[in-house]
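J.: Okay, here's the structure, questions in a sec.
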Amino acid sequence: MGKNKLKKFAEMQALDNVFQLSANDIEEKDFRKLSCAKLPEYAGRWKDVFGNDNPIVLELGCGKGEYTVGLADRYPDKNFIGVDIKGARIWSGAKQAKQKGLRNAAFLRTNIEMIPQFFNENEVSEIWLTFSDPQMKKPTKRLTSTYFLYRYQLILRDGGLVHLKTDSPFLFTYTSYVLRENHIEPLFCTADLYAAADVPIDLDIKTHYERQWLERGMTIKYIQFALPKSLALVEPNVEIEPDNYRSYGRRRMAPKEQE
C-alpha cells in the first residue's frame, strides 16, 4: 500500500465525521461473512452523531463524497451519510465536509451489502445512487437490483425515496424494468436530465465523473421512486443492450452514446 494511502487512513482514524470498523476488520475480513447481528455502536444512534432528529439520507457508493457534501451544504435540515468501502475516496469527502464546517455530513466505510447492519428499521429517509457501476455482467451487484432493494427496505421508512442519477443507458433501462416488474411507478423519470422540464428537485450538483460525461456529450439519466416496505420484490428476467462505451474504459468512449 502506498504511503499516501497509509497517511489518509491514519488521518481518517482521527476524523470525527468518519465511522468504520477497525482497520484490520476492513482490510482483512470479508464483510459478508461477519455476523448478521446489528452493530450496536451504529444502528439507532445516528441521531446522537448529528445531535438532532432530522431525516437521514444515504449516498451509497459515494466515492469522493462530492454529492454527500453538496447535498449537506444545500439542505442543512437533513443529515447526509456517504457510504463507500474505499477509504482513500471517503477521506476526500470527509476532509471537504470538515473544511466547510458541515455538521450534517458524515461518512461510513463499509460494503453496501452490509448496510442493514448499521441502521435500524425506518432510520433512513432517502437513498441516493450517483453514477454507480452498472455491473452489466453481475445482476446482484447492481445497486438497483432486488438484491439491494430488499436491503434498502430494511432501513428505509415506508415509501422512502430512492434516487438514481446515472450516465449509463444500461443501468437506467435495467432500473426501469425492475420498477415495472414490481409495479412501482416512478415519481420522476428522464433519460436527459438537463433537458427535462419540471424536475422535482434541484439536481445540478455535479461530480467529477458527471462533468466528464457531460463534456463528452453524454446525457444524464435520473429516476426517483418511492420504495414500499412490504412489497415482495421480483427480479426481472430481461436482456439489455450493454453500454457501448464502457468497454473502452472511463478514459475513452464511443463517438456517440447511441448509434
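Ordering of the C-alpha cells sets the chain letters (A, B, ...), residue numbers begin anew at 1 in every chain, and ligands are numbered from 1 in the order given.
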Can you pull out the residues contacting Phe50 (chain A)? Cut-off 12 Å, using only C-alpha atoms, and skip same-chain residues under 5 positions away; I want them as a PyMOL selection string.

T.: chain A and resi 16-17+44-45+55-56+76-81+102-107

J.: Can you check which residues of region 109-152 of chain A DSSP gives as strand (DSSP E or B) on the backbone and send them as a PyMOL selection string?

T.: chain A and resi 109+124-130

J.: Measuring between only C-alpha atoms, which one of A:Tyr147, A:Ala43, A:Ser125, A:Glu11 shows the shortest distance to Ser92 (chain A)?

T.: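 For Ser92 (chain A), the nearest of the candidates is A:Glu11.
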
J.: Find the residues near Gly65 (chain A): any atom within 10 Å, counting only C-alpha atoms, skip ones fewer than 4 places away on the same chain, and give them as a ChimeraX atom specification.

T.: /A:59-61,69-71,81-84,89-97,105-107,207

J.: Let me make sure I understand: among A:Ala191, A:Leu129, A:Leu161, A:Ile184, which one has the smallest atom-to-atom distance to Ala226 (chain A) if we use only C-alpha atoms?

T.: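 The shortest atom-to-atom distance to Ala226 (chain A) comes from A:Leu161.
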
J.: I need the residues of region 55-210 of chain A that end up classed as alpha helix (DSSP H) by DSSP on the backbone, written out as a PyMOL selection string.

T.: chain A and resi 66-74+87-100+146-155+169-181+208-210

J.: Write out the residues from the selection above, keeping C-alpha atoms, as a PDB file, in the first residue's frame.

T.:
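What follows is the written file part28.pdb:
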```pdb
ATOM      1  CA  GLU A  66     -18.931  15.125  -3.750  1.00  0.00           C
ATOM      2  CA  TYR A  67     -22.677  14.560  -3.734  1.00  0.00           C
ATOM      3  CA  THR A  68     -22.844  13.952   0.008  1.00  0.00           C
ATOM      4  CA  VAL A  69     -21.016  17.216   0.679  1.00  0.00           C
ATOM      5  CA  GLY A  70     -23.035  19.103  -1.930  1.00  0.00           C
ATOM      6  CA  LEU A  71     -26.372  17.904  -0.547  1.00  0.00           C
ATOM      7  CA  ALA A  72     -25.354  18.587   3.048  1.00  0.00           C
ATOM      8  CA  ASP A  73     -24.346  22.114   2.109  1.00  0.00           C
ATOM      9  CA  ARG A  74     -27.634  22.689   0.295  1.00  0.00           C
ATOM     10  CA  GLY A  87     -11.121   4.692   2.478  1.00  0.00           C
ATOM     11  CA  ALA A  88      -8.903   6.878   0.296  1.00  0.00           C
ATOM     12  CA  ARG A  89     -12.008   8.135  -1.515  1.00  0.00           C
ATOM     13  CA  ILE A  90     -14.001   8.794   1.650  1.00  0.00           C
ATOM     14  CA  TRP A  91     -11.050  10.775   3.018  1.00  0.00           C
ATOM     15  CA  SER A  92     -11.592  13.430   0.333  1.00  0.00           C
ATOM     16  CA  GLY A  93     -15.250  13.993   1.171  1.00  0.00           C
ATOM     17  CA  ALA A  94     -14.693  13.884   4.913  1.00  0.00           C
ATOM     18  CA  LYS A  95     -11.921  16.479   4.716  1.00  0.00           C
ATOM     19  CA  GLN A  96     -14.014  18.736   2.495  1.00  0.00           C
ATOM     20  CA  ALA A  97     -17.009  18.492   4.843  1.00  0.00           C
ATOM     21  CA  LYS A  98     -14.789  19.480   7.769  1.00  0.00           C
ATOM     22  CA  GLN A  99     -13.317  22.398   5.844  1.00  0.00           C
ATOM     23  CA  LYS A 100     -16.829  23.645   5.037  1.00  0.00           C
ATOM     24  CA  THR A 146     -33.843  -6.523  -5.958  1.00  0.00           C
ATOM     25  CA  TYR A 147     -30.850  -7.922  -4.017  1.00  0.00           C
ATOM     26  CA  PHE A 148     -30.098  -4.385  -2.871  1.00  0.00           C
ATOM     27  CA  LEU A 149     -33.656  -3.013  -2.877  1.00  0.00           C
ATOM     28  CA  TYR A 150     -34.516  -5.628  -0.261  1.00  0.00           C
ATOM     29  CA  ARG A 151     -31.721  -4.269   1.924  1.00  0.00           C
ATOM     30  CA  TYR A 152     -32.993  -0.733   1.428  1.00  0.00           C
ATOM     31  CA  GLN A 153     -36.461  -1.849   2.532  1.00  0.00           C
ATOM     32  CA  LEU A 154     -34.999  -2.958   5.855  1.00  0.00           C
ATOM     33  CA  ILE A 155     -33.743   0.507   6.776  1.00  0.00           C
ATOM     34  CA  PRO A 169     -28.166   3.693 -20.537  1.00  0.00           C
ATOM     35  CA  PHE A 170     -27.830   0.090 -19.363  1.00  0.00           C
ATOM     36  CA  LEU A 171     -28.417   0.830 -15.676  1.00  0.00           C
ATOM     37  CA  PHE A 172     -31.191   3.306 -16.475  1.00  0.00           C
ATOM     38  CA  THR A 173     -33.010   0.739 -18.648  1.00  0.00           C
ATOM     39  CA  TYR A 174     -32.445  -2.072 -16.147  1.00  0.00           C
ATOM     40  CA  THR A 175     -33.829   0.014 -13.286  1.00  0.00           C
ATOM     41  CA  SER A 176     -36.887   0.875 -15.363  1.00  0.00           C
ATOM     42  CA  TYR A 177     -37.528  -2.857 -15.858  1.00  0.00           C
ATOM     43  CA  VAL A 178     -37.103  -3.515 -12.130  1.00  0.00           C
ATOM     44  CA  LEU A 179     -39.713  -0.888 -11.312  1.00  0.00           C
ATOM     45  CA  ARG A 180     -42.101  -2.120 -13.991  1.00  0.00           C
ATOM     46  CA  GLU A 181     -41.798  -5.746 -12.854  1.00  0.00           C
ATOM     47  CA  HIS A 208     -16.069  14.741 -11.247  1.00  0.00           C
ATOM     48  CA  TYR A 209     -17.284  11.853 -13.395  1.00  0.00           C
ATOM     49  CA  GLU A 210     -20.539  13.571 -14.304  1.00  0.00           C
TER      50      GLU A 210
END
```

J.: Which of these residues is nearest to Glu121 (chain A), using only C-alpha atoms: A:Glu41, A:Lys229, A:Val162, A:Gly63?

T.: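 Of A:Glu41, A:Lys229, A:Val162, A:Gly63, the one nearest Glu121 (chain A), counting only C-alpha atoms, is A:Lys229.
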
J.: In Å, rounded to a single decimal, give me how far CA of Trp213 (chain A) is from CA of Phe131 (chain A).

T.: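 These two atoms are separated by 10.4 Å.
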
J.: Point out the residue among A:Val238, A:Tyr222, A:Phe118, A:Pro228 with the least atom-to-atom distance to Asp204 (chain A), counting only C-alpha atoms.

T.: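 Closest residue, counting only C-alpha atoms: A:Tyr222.
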